[in-house]
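Working notes, beginning with the structure itself.
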Amino acid sequence: MKYDIKDIKLAREGQLRIEWAAQNMPVLALIQERFEKERPLEGIRMAACLHVTTETAQLMKTLKAGGADVALCASNPLSTQDDVAASLVEHDGIPVFAIKGEDNQTYYSHIEAVLDTKPHLTMDDGADLVSVIHQERNDLFEHIIGGTEETTTGVIRLKAMAKDGVLKYPIVAVNDADTKHLFDNRYGTGQSTVDGIIRATNRLVAGSTFVVVGYGWCGRGLAMRAQGMGARVIVTEIDPVRALEALMDGFAVMPMDQAAPVGDFFCTVTGNIHVIRKEHFAAMKDGAIVSNSGHFNVELDLNGLEEITKSKRDIRPFVVEHALASGTRVYVLGEGRLINLAAAEGHPSSVMDMSFANQALSAEYMVKEARNLDNAVYPVPREMDQEIARLKLAAEGAQIDVLTEEQEKYLNSWDMGT
Ligand code: ADE
């Protein structure tokens with residue numbers, strides 16, 4: 001079996017951490033049990049490009065239990081947990097191509113290695129597999145039946161491809177399931193981003209001014225948690241409705257020009273390019289700490305920052321000090337890559353349980369349905385989303401009401417008024 005990881009001797013450490021994650025992934029465990037019996041992915045080759053974490057390991061085991069031959073590469077050069085990669089190779093016989101800190105060339109060579117397995121299904125987090133296949137590996141179209149996509153950024157890319165008529169196979173947008181973005185993007189990003197910033201800096205959040213750039217589901221979660229730790233939170237937005245929501249959620253709202261000189265912490269979660277630019281870095285106060293928790297590091301204009309940087313040094317792991325020509329210092333965390341995975345461990349397993357339940361069931365759905373689908377981006381079927389919520393509630397020991405017959409009738413009628 002071919003693979004490329006940091007060190008196979010890390011396998012035991014990875015195995016214990018994977019076991020720890022499993023304790024909070026009951027929904028995926030139920031799916032894994034059923035997959036073992038029914039083998040819905042028998043004979044299916046899968047290429048997965050995901051953050052290589054303990055939670056991803058549980059997903060890989062589930063797909064394998066379902067009969068899939070799966071190969072895994074990283075969806076970001078800095079997010080791989082090397083012990084997890086080692087355990088997947090050693091204990092599960094899954095080929096992994098991922099090393100934390102790999103350079104861009106290695107990152108893409110790992111994508112190629114996974115694609116060389118000639119997959120029937122692709123599983124992306126950020127659409128890099130789809131992008132490489134469509135740009136350079138058209139030879140693979142004859143094998144591929146469909147794919148899935150984990151994240152907002154990937155879904156945006158894929159919808160743009162579908163709109164331009166270039167998407168060559170159907171994709172399920174896992175991100176758009178309620179049981180994914182309402183929990184993973186909001187509570188997962190909220191907690192793990194603050195975790196990453198604190199692990200990297202060990203700075204006090206209480207009493208600071210924390211600028212959250214973007215108020216999508218990730219921004220909402222991050223603002224809520226930063227406020228919970230005692231920060232004065234400022235939100236910057238381009239969408240008037242989201243900005244209004246941030247305002248009424250109790251946050252200050254202003255453009256980046258005004259936020260730049262007052263923030264102590266800045267974190268981007270927009271999915272867009274260059275939302276913090278040279279002029280903003282130049283206006284920041286001495287000691288400002290800047291990070292990104294969006295999928296790609298393009299959110300920060302790091303080239304622009306380089307242009308005004310006089311000197312640079314690594315001051316502690318994941319923290320680079322930029323001494324600017326003007327005399328102020330700006331600290332960039334984790335090379336501007338998603339800080340929750342670069343400096344911490346990503347979202348906690350309890351939310352990834354639902355995200356990856358959606359992934360596993362979407363893979364099964366694709367095997368059954370892909371041939372009836374157009375080359376477009378599809379939502380996760382509503383019943384699947386609801387079933388995942390039901391299973392998670394049951395696992396949490398929570399019960400809910402059911403509609404009475406009278407209520408059901410009322411909801412379907414239009415003639416009853418005051
Ligand atoms: N994305 C964010 N957190 C993650 C995690 N823990 N595992 C896989 N992908 C993630």
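Labels for the structure tokens follow display order: chains A, B, ..., residues from 1 in each chain, ligands from 1.
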Next item on the list: List every residue of region 223-418 of chain A that DSSP, applied to the backbone of this structure, places in strand (DSSP E or B), and write the result as a PyMOL selection string.
Entry: chain A and resi 232-236+252-253+265-268+276+288-292+300+309-316+319-324+329-333+338+377-379
Within 9 Å of ligand 1 (only C-alpha atoms and all ligand atoms), residues as a JSON list (two decimals) with C-alpha atoms, in the first residue's frame:
[["chain", "number", "residue", "atom", "x", "y", "z"],
["A", 50, "LEU", "CA", -10.47, 16.45, 4.21],
["A", 51, "HIS", "CA", -8.70, 17.82, 7.27],
["A", 52, "VAL", "CA", -6.92, 14.76, 8.66],
["A", 53, "THR", "CA", -8.25, 14.77, 12.23],
["A", 54, "THR", "CA", -9.55, 12.26, 14.75],
["A", 55, "GLU", "CA", -13.09, 12.96, 13.55],
["A", 56, "THR", "CA", -12.15, 12.43, 9.92],
["A", 57, "ALA", "CA", -10.61, 9.11, 11.00],
["A", 75, "SER", "CA", -7.57, 19.66, 2.51],
["A", 79, "SER", "CA", -4.42, 20.97, 9.36],
["A", 125, "ASP", "CA", -13.60, 20.05, 1.88],
["A", 150, "GLU", "CA", -18.15, 19.76, 3.17],
["A", 151, "THR", "CA", -17.72, 23.52, 3.39],
["A", 184, "ASP", "CA", -20.42, 22.78, 12.84],
["A", 185, "ASN", "CA", -20.07, 26.27, 11.35],
["A", 188, "GLY", "CA", -17.74, 24.28, 16.04],
["A", 189, "THR", "CA", -16.02, 27.30, 14.50],
["A", 192, "SER", "CA", -12.35, 25.95, 18.00],
["A", 338, "LEU", "CA", -7.51, 28.29, 9.37],
["A", 340, "ASN", "CA", -8.77, 26.41, 14.53],
["A", 341, "LEU", "CA", -7.02, 23.55, 12.72],
["A", 345, "GLU", "CA", -7.60, 20.51, 16.83],
["A", 346, "GLY", "CA", -10.52, 21.74, 14.73],
["A", 347, "HIS", "CA", -14.15, 21.45, 15.71],
["A", 348, "PRO", "CA", -14.99, 19.18, 18.63],
["A", 349, "SER", "CA", -16.17, 15.69, 17.75],
["A", 351, "VAL", "CA", -20.49, 18.62, 16.00],
["A", 352, "MET", "CA", -18.35, 16.71, 13.50],
["A", 355, "SER", "CA", -21.30, 16.81, 9.67],
["A", 356, "PHE", "CA", -19.77, 13.45, 8.96]]
Note to self: With DSSP run on the backbone, what are the helix (DSSP H, G or I) residues within region 136-348 of chain A? I'd like them as a ChimeraX atom specification.
What the structure shows: /A:136,138-140,152-163,174-176,178-201,217-228,240-248,256-259,278-283,297-299,302-307,334-336,339-342
Could you list, with a cut-off of 12 Å and counting only C-alpha atoms, the residues of region 107-217 of chain A near region 245-258 of chain A, each shown with its nearest atom pair and the distance in Å rounded to one decimal, rows sorted by chain and ascending number, as a Markdown table?
| residue | atom | partner | partner_atom | distance |
| --- | --- | --- | --- | --- |
| A:Thr209 | CA | A:Ala252 | CA | 10.4 |
| A:Phe210 | CA | A:Ala252 | CA | 10.4 |
| A:Val211 | CA | A:Met256 | CA | 8.9 |
| A:Val212 | CA | A:Val253 | CA | 9.7 |
| A:Val213 | CA | A:Met256 | CA | 8.2 |
| A:Gly214 | CA | A:Ala246 | CA | 9.7 |
| A:Tyr215 | CA | A:Ala246 | CA | 7.0 |
| A:Gly216 | CA | A:Ala246 | CA | 9.9 |
| A:Trp217 | CA | A:Ala246 | CA | 11.4 |
Residues of region 179-230 of chain A at most 12 Å from region 316-334 of chain A: nearest atom pair and distance in Å, only C-alpha atoms, as JSON lines:
{"residue": "A:Thr193", "atom": "CA", "partner": "A:Leu333", "partner_atom": "CA", "distance": 11.4}
{"residue": "A:Gly196", "atom": "CA", "partner": "A:Leu333", "partner_atom": "CA", "distance": 9.1}
{"residue": "A:Ile197", "atom": "CA", "partner": "A:Leu333", "partner_atom": "CA", "distance": 7.7}
{"residue": "A:Ile198", "atom": "CA", "partner": "A:Leu333", "partner_atom": "CA", "distance": 10.6}
{"residue": "A:Arg199", "atom": "CA", "partner": "A:Phe318", "partner_atom": "CA", "distance": 9.2}
{"residue": "A:Ala200", "atom": "CA", "partner": "A:Phe318", "partner_atom": "CA", "distance": 5.9}
{"residue": "A:Thr201", "atom": "CA", "partner": "A:Val319", "partner_atom": "CA", "distance": 7.4}
{"residue": "A:Asn202", "atom": "CA", "partner": "A:Arg316", "partner_atom": "CA", "distance": 10.6}
Margin query: List as a PyMOL selection string the protein and nucleic acid residues near Glu33 (chain A), meaning an atom at most 12 Å away when only C-alpha atoms are counted, but skip any in the same chain fewer than 4 places from it.
Written below: chain A and resi 26-29+37-40+61-66
Can those selected residues be exported to a file as a PDB file, in the first residue's frame so that it contains N, CA and C atoms?
ATOM      1  N   PRO A  26     -21.834   9.507  18.403  1.00  0.00           N
ATOM      2  CA  PRO A  26     -22.777   8.378  18.429  1.00  0.00           C
ATOM      3  C   PRO A  26     -23.560   8.194  17.128  1.00  0.00           C
ATOM      4  N   VAL A  27     -23.842   9.277  16.428  1.00  0.00           N
ATOM      5  CA  VAL A  27     -24.652   9.151  15.207  1.00  0.00           C
ATOM      6  C   VAL A  27     -23.836   8.436  14.126  1.00  0.00           C
ATOM      7  N   LEU A  28     -22.591   8.848  13.987  1.00  0.00           N
ATOM      8  CA  LEU A  28     -21.732   8.188  13.003  1.00  0.00           C
ATOM      9  C   LEU A  28     -21.521   6.715  13.372  1.00  0.00           C
ATOM     10  N   ALA A  29     -21.468   6.437  14.681  1.00  0.00           N
ATOM     11  CA  ALA A  29     -21.288   5.035  15.127  1.00  0.00           C
ATOM     12  C   ALA A  29     -22.480   4.179  14.686  1.00  0.00           C
ATOM     13  N   LYS A  37     -23.215  -4.056   8.238  1.00  0.00           N
ATOM     14  CA  LYS A  37     -24.174  -5.111   7.865  1.00  0.00           C
ATOM     15  C   LYS A  37     -24.560  -5.012   6.403  1.00  0.00           C
ATOM     16  N   GLU A  38     -24.852  -3.792   5.947  1.00  0.00           N
ATOM     17  CA  GLU A  38     -25.457  -3.645   4.610  1.00  0.00           C
ATOM     18  C   GLU A  38     -24.440  -3.436   3.484  1.00  0.00           C
ATOM     19  N   ARG A  39     -23.248  -2.979   3.807  1.00  0.00           N
ATOM     20  CA  ARG A  39     -22.157  -2.754   2.829  1.00  0.00           C
ATOM     21  C   ARG A  39     -22.637  -1.952   1.601  1.00  0.00           C
ATOM     22  N   PRO A  40     -23.222  -0.751   1.835  1.00  0.00           N
ATOM     23  CA  PRO A  40     -23.777   0.006   0.710  1.00  0.00           C
ATOM     24  C   PRO A  40     -22.721   0.600  -0.235  1.00  0.00           C
ATOM     25  N   LYS A  61     -13.238   5.271   8.752  1.00  0.00           N
ATOM     26  CA  LYS A  61     -13.559   3.919   9.223  1.00  0.00           C
ATOM     27  C   LYS A  61     -14.992   3.547   8.826  1.00  0.00           C
ATOM     28  N   THR A  62     -15.885   4.532   8.890  1.00  0.00           N
ATOM     29  CA  THR A  62     -17.290   4.277   8.541  1.00  0.00           C
ATOM     30  C   THR A  62     -17.417   3.938   7.055  1.00  0.00           C
ATOM     31  N   LEU A  63     -16.727   4.702   6.217  1.00  0.00           N
ATOM     32  CA  LEU A  63     -16.804   4.452   4.770  1.00  0.00           C
ATOM     33  C   LEU A  63     -16.214   3.074   4.458  1.00  0.00           C
ATOM     34  N   LYS A  64     -15.133   2.763   5.137  1.00  0.00           N
ATOM     35  CA  LYS A  64     -14.510   1.453   4.923  1.00  0.00           C
ATOM     36  C   LYS A  64     -15.450   0.333   5.382  1.00  0.00           C
ATOM     37  N   ALA A  65     -16.111   0.555   6.527  1.00  0.00           N
ATOM     38  CA  ALA A  65     -17.075  -0.440   7.029  1.00  0.00           C
ATOM     39  C   ALA A  65     -18.191  -0.655   6.015  1.00  0.00           C
ATOM     40  N   GLY A  66     -18.509   0.390   5.258  1.00  0.00           N
ATOM     41  CA  GLY A  66     -19.550   0.291   4.232  1.00  0.00           C
ATOM     42  C   GLY A  66     -19.080  -0.388   2.957  1.00  0.00           C
TER      43      GLY A  66
END
Check: CA of Leu302 (chain A) and CA of Gly287 (chain A), how far apart in Å?
Finding: 16.7 Å
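Closest approach to Lys180 (chain A) from the set A:Ala226, A:Asp374, A:Leu158, A:Ala357 is made by A:Ala357, with distances taken over only C-alpha atoms.
Closest approach to Ile171 (chain A) among A:Arg371, A:Arg232, A:Lys285, A:Arg390 is made by A:Arg371 (distances from only C-alpha atoms).
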Notebook entry, point to check: With only C-alpha atoms as the atoms that count, which of A:Leu222, A:Leu72, A:Leu411, A:Leu10 lies nearest to Asp124 (chain A)?
Noted result: A:Leu72
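Residue nearest Thr309 (chain A) within the list A:Ile400, A:Phe281, A:Asn297, A:Met123: A:Phe281 [criterion: smallest interatomic distance, only C-alpha atoms].
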Notebook entry, point to check: Contacts of Glu369 (chain A) at 10 Å or less, counting only C-alpha atoms, minus same-chain residues fewer than 4 places along, as a ChimeraX atom specification?
Noted result: /A:145-146,170,362-365,373
Output the selection as a PDB file, in the first residue's frame - all heavy atoms for each residue.
ATOM      1  N   ILE A 145     -18.816   8.969 -10.506  1.00  0.00           N
ATOM      2  CA  ILE A 145     -20.282   9.091 -10.579  1.00  0.00           C
ATOM      3  C   ILE A 145     -20.786  10.326  -9.838  1.00  0.00           C
ATOM      4  O   ILE A 145     -21.831  10.866 -10.164  1.00  0.00           O
ATOM      5  CB  ILE A 145     -20.999   7.820 -10.047  1.00  0.00           C
ATOM      6  CG1 ILE A 145     -20.574   7.521  -8.596  1.00  0.00           C
ATOM      7  CG2 ILE A 145     -20.722   6.609 -10.940  1.00  0.00           C
ATOM      8  CD1 ILE A 145     -21.437   6.442  -7.939  1.00  0.00           C
ATOM      9  N   GLY A 146     -20.067  10.755  -8.821  1.00  0.00           N
ATOM     10  CA  GLY A 146     -20.536  11.922  -8.076  1.00  0.00           C
ATOM     11  C   GLY A 146     -19.583  12.291  -6.967  1.00  0.00           C
ATOM     12  O   GLY A 146     -18.525  11.682  -6.811  1.00  0.00           O
ATOM     13  N   PRO A 170     -22.485  15.279 -10.567  1.00  0.00           N
ATOM     14  CA  PRO A 170     -23.303  15.850  -9.490  1.00  0.00           C
ATOM     15  C   PRO A 170     -22.598  15.827  -8.143  1.00  0.00           C
ATOM     16  O   PRO A 170     -21.808  14.921  -7.862  1.00  0.00           O
ATOM     17  CB  PRO A 170     -24.531  14.937  -9.457  1.00  0.00           C
ATOM     18  CG  PRO A 170     -24.089  13.647 -10.047  1.00  0.00           C
ATOM     19  CD  PRO A 170     -22.996  13.954 -11.032  1.00  0.00           C
ATOM     20  N   SER A 362     -24.562  10.882   2.523  1.00  0.00           N
ATOM     21  CA  SER A 362     -24.554  11.470   1.174  1.00  0.00           C
ATOM     22  C   SER A 362     -23.779  10.574   0.204  1.00  0.00           C
ATOM     23  O   SER A 362     -24.131  10.463  -0.971  1.00  0.00           O
ATOM     24  CB  SER A 362     -23.944  12.873   1.196  1.00  0.00           C
ATOM     25  OG  SER A 362     -24.762  13.730   1.944  1.00  0.00           O
ATOM     26  N   ALA A 363     -22.720   9.939   0.711  1.00  0.00           N
ATOM     27  CA  ALA A 363     -21.969   9.001  -0.142  1.00  0.00           C
ATOM     28  C   ALA A 363     -22.877   7.836  -0.539  1.00  0.00           C
ATOM     29  O   ALA A 363     -22.934   7.420  -1.707  1.00  0.00           O
ATOM     30  CB  ALA A 363     -20.725   8.507   0.588  1.00  0.00           C
ATOM     31  N   GLU A 364     -23.602   7.320   0.437  1.00  0.00           N
ATOM     32  CA  GLU A 364     -24.536   6.217   0.174  1.00  0.00           C
ATOM     33  C   GLU A 364     -25.617   6.666  -0.830  1.00  0.00           C
ATOM     34  O   GLU A 364     -25.948   5.950  -1.783  1.00  0.00           O
ATOM     35  CB  GLU A 364     -25.199   5.789   1.493  1.00  0.00           C
ATOM     36  CG  GLU A 364     -26.185   4.651   1.351  1.00  0.00           C
ATOM     37  CD  GLU A 364     -26.881   4.324   2.686  1.00  0.00           C
ATOM     38  OE1 GLU A 364     -27.103   5.257   3.503  1.00  0.00           O
ATOM     39  OE2 GLU A 364     -27.194   3.139   2.896  1.00  0.00           O
ATOM     40  N   TYR A 365     -26.125   7.873  -0.621  1.00  0.00           N
ATOM     41  CA  TYR A 365     -27.158   8.434  -1.504  1.00  0.00           C
ATOM     42  C   TYR A 365     -26.630   8.546  -2.943  1.00  0.00           C
ATOM     43  O   TYR A 365     -27.322   8.201  -3.907  1.00  0.00           O
ATOM     44  CB  TYR A 365     -27.560   9.804  -0.950  1.00  0.00           C
ATOM     45  CG  TYR A 365     -28.475  10.615  -1.825  1.00  0.00           C
ATOM     46  CD1 TYR A 365     -29.845  10.335  -1.882  1.00  0.00           C
ATOM     47  CD2 TYR A 365     -27.982  11.683  -2.578  1.00  0.00           C
ATOM     48  CE1 TYR A 365     -30.689  11.087  -2.675  1.00  0.00           C
ATOM     49  CE2 TYR A 365     -28.824  12.442  -3.371  1.00  0.00           C
ATOM     50  CZ  TYR A 365     -30.179  12.147  -3.414  1.00  0.00           C
ATOM     51  OH  TYR A 365     -31.005  12.898  -4.202  1.00  0.00           O
ATOM     52  N   LEU A 373     -29.123  11.940 -11.453  1.00  0.00           N
ATOM     53  CA  LEU A 373     -28.943  13.375 -11.170  1.00  0.00           C
ATOM     54  C   LEU A 373     -28.232  14.083 -12.323  1.00  0.00           C
ATOM     55  O   LEU A 373     -27.440  13.471 -13.045  1.00  0.00           O
ATOM     56  CB  LEU A 373     -28.121  13.557  -9.886  1.00  0.00           C
ATOM     57  CG  LEU A 373     -28.684  12.927  -8.596  1.00  0.00           C
ATOM     58  CD1 LEU A 373     -27.706  13.116  -7.438  1.00  0.00           C
ATOM     59  CD2 LEU A 373     -30.036  13.545  -8.238  1.00  0.00           C
TER      60      LEU A 373
END
Margin query: So that I can check the surroundings of Leu115 (chain A), please list as a list in words every protein, DNA and RNA residue that reaches within 10 Å of it, counting only C-alpha atoms and ignoring chain neighbours fewer than 2 positions away.
Written below: Met46, Ala47, Ala48, Cys49, Ala71, Leu72, Cys73, Ser109, His110, Ile111, Glu112, Ala113, Thr117, Lys118, Pro119, Thr122, Leu129, Val132, Ile133, Arg137 and Leu140 of chain A
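Shell of Leu393 (chain A) at 12 Å, with only C-alpha atoms counted and residues fewer than 4 places along the chain excluded, is Pro26, Val27, Thr179, Ser350, Met354, Gln386, Glu387, Ile388, Ala389, Gly397, Ala398, Gln399 and Ile400 of chain A.
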Using all heavy atoms, can you export the residues from the last selection as a short mmCIF file (atom, residue, chain, number, x, y, z; two decimals), in the first residue's frame?
data_model
loop_
_atom_site.label_atom_id
_atom_site.label_comp_id
_atom_site.auth_asym_id
_atom_site.auth_seq_id
_atom_site.Cartn_x
_atom_site.Cartn_y
_atom_site.Cartn_z
N PRO A 26 -21.83 9.51 18.40
CA PRO A 26 -22.78 8.38 18.43
C PRO A 26 -23.56 8.19 17.13
O PRO A 26 -23.90 7.06 16.78
CB PRO A 26 -23.72 8.74 19.59
CG PRO A 26 -23.64 10.23 19.69
CD PRO A 26 -22.23 10.58 19.34
N VAL A 27 -23.84 9.28 16.43
CA VAL A 27 -24.65 9.15 15.21
C VAL A 27 -23.84 8.44 14.13
O VAL A 27 -24.31 7.50 13.47
CB VAL A 27 -25.14 10.54 14.72
CG1 VAL A 27 -25.94 10.40 13.44
CG2 VAL A 27 -25.97 11.22 15.80
N THR A 179 -28.26 20.25 9.80
CA THR A 179 -27.49 19.56 10.85
C THR A 179 -25.99 19.71 10.65
O THR A 179 -25.20 19.24 11.48
CB THR A 179 -27.84 18.06 10.93
OG1 THR A 179 -27.81 17.51 9.61
CG2 THR A 179 -29.20 17.83 11.56
N SER A 350 -18.29 16.29 18.80
CA SER A 350 -19.75 16.24 18.90
C SER A 350 -20.45 16.92 17.71
O SER A 350 -21.51 16.46 17.27
CB SER A 350 -20.21 16.88 20.22
OG SER A 350 -21.59 16.74 20.33
N MET A 354 -22.32 15.11 13.42
CA MET A 354 -23.42 15.38 12.48
C MET A 354 -22.92 15.71 11.07
O MET A 354 -23.49 15.26 10.08
CB MET A 354 -24.28 16.52 13.02
CG MET A 354 -25.06 16.12 14.24
SD MET A 354 -26.13 17.44 14.81
CE MET A 354 -24.96 18.47 15.67
N GLN A 386 -33.20 15.56 8.78
CA GLN A 386 -34.08 15.43 9.94
C GLN A 386 -33.75 14.17 10.74
O GLN A 386 -33.77 14.18 11.97
CB GLN A 386 -35.53 15.34 9.46
CG GLN A 386 -36.01 16.60 8.76
CD GLN A 386 -36.89 17.44 9.65
OE1 GLN A 386 -37.88 16.95 10.13
NE2 GLN A 386 -36.51 18.68 9.88
N GLU A 387 -33.43 13.09 10.04
CA GLU A 387 -33.10 11.84 10.72
C GLU A 387 -31.83 12.00 11.55
O GLU A 387 -31.74 11.49 12.67
CB GLU A 387 -32.95 10.73 9.66
CG GLU A 387 -32.65 9.35 10.22
CD GLU A 387 -33.73 8.82 11.19
OE1 GLU A 387 -34.84 9.38 11.24
OE2 GLU A 387 -33.41 7.86 11.93
N ILE A 388 -30.85 12.73 11.00
CA ILE A 388 -29.60 12.95 11.74
C ILE A 388 -29.90 13.74 13.02
O ILE A 388 -29.39 13.42 14.10
CB ILE A 388 -28.55 13.65 10.85
CG1 ILE A 388 -28.06 12.67 9.78
CG2 ILE A 388 -27.38 14.19 11.67
CD1 ILE A 388 -27.25 13.29 8.66
N ALA A 389 -30.79 14.76 12.91
CA ALA A 389 -31.16 15.54 14.11
C ALA A 389 -31.86 14.65 15.12
O ALA A 389 -31.60 14.72 16.33
CB ALA A 389 -32.05 16.71 13.71
N GLY A 397 -30.13 12.21 24.82
CA GLY A 397 -31.15 11.90 25.83
C GLY A 397 -32.29 12.90 25.85
O GLY A 397 -33.00 13.03 26.84
N ALA A 398 -32.47 13.64 24.76
CA ALA A 398 -33.53 14.66 24.71
C ALA A 398 -34.71 14.12 23.91
O ALA A 398 -34.53 13.46 22.88
CB ALA A 398 -32.99 15.93 24.06
N GLN A 399 -35.91 14.43 24.41
CA GLN A 399 -37.12 14.01 23.69
C GLN A 399 -37.88 15.24 23.23
O GLN A 399 -37.74 16.31 23.82
CB GLN A 399 -37.99 13.15 24.60
CG GLN A 399 -37.36 11.79 24.84
CD GLN A 399 -37.97 11.04 26.01
OE1 GLN A 399 -38.82 11.57 26.70
NE2 GLN A 399 -37.53 9.83 26.21
N ILE A 400 -38.68 15.09 22.19
CA ILE A 400 -39.47 16.23 21.70
C ILE A 400 -40.93 15.81 21.52
O ILE A 400 -41.24 14.62 21.50
CB ILE A 400 -38.91 16.82 20.38
CG1 ILE A 400 -38.87 15.76 19.26
CG2 ILE A 400 -37.53 17.40 20.59
CD1 ILE A 400 -38.54 16.32 17.89
#
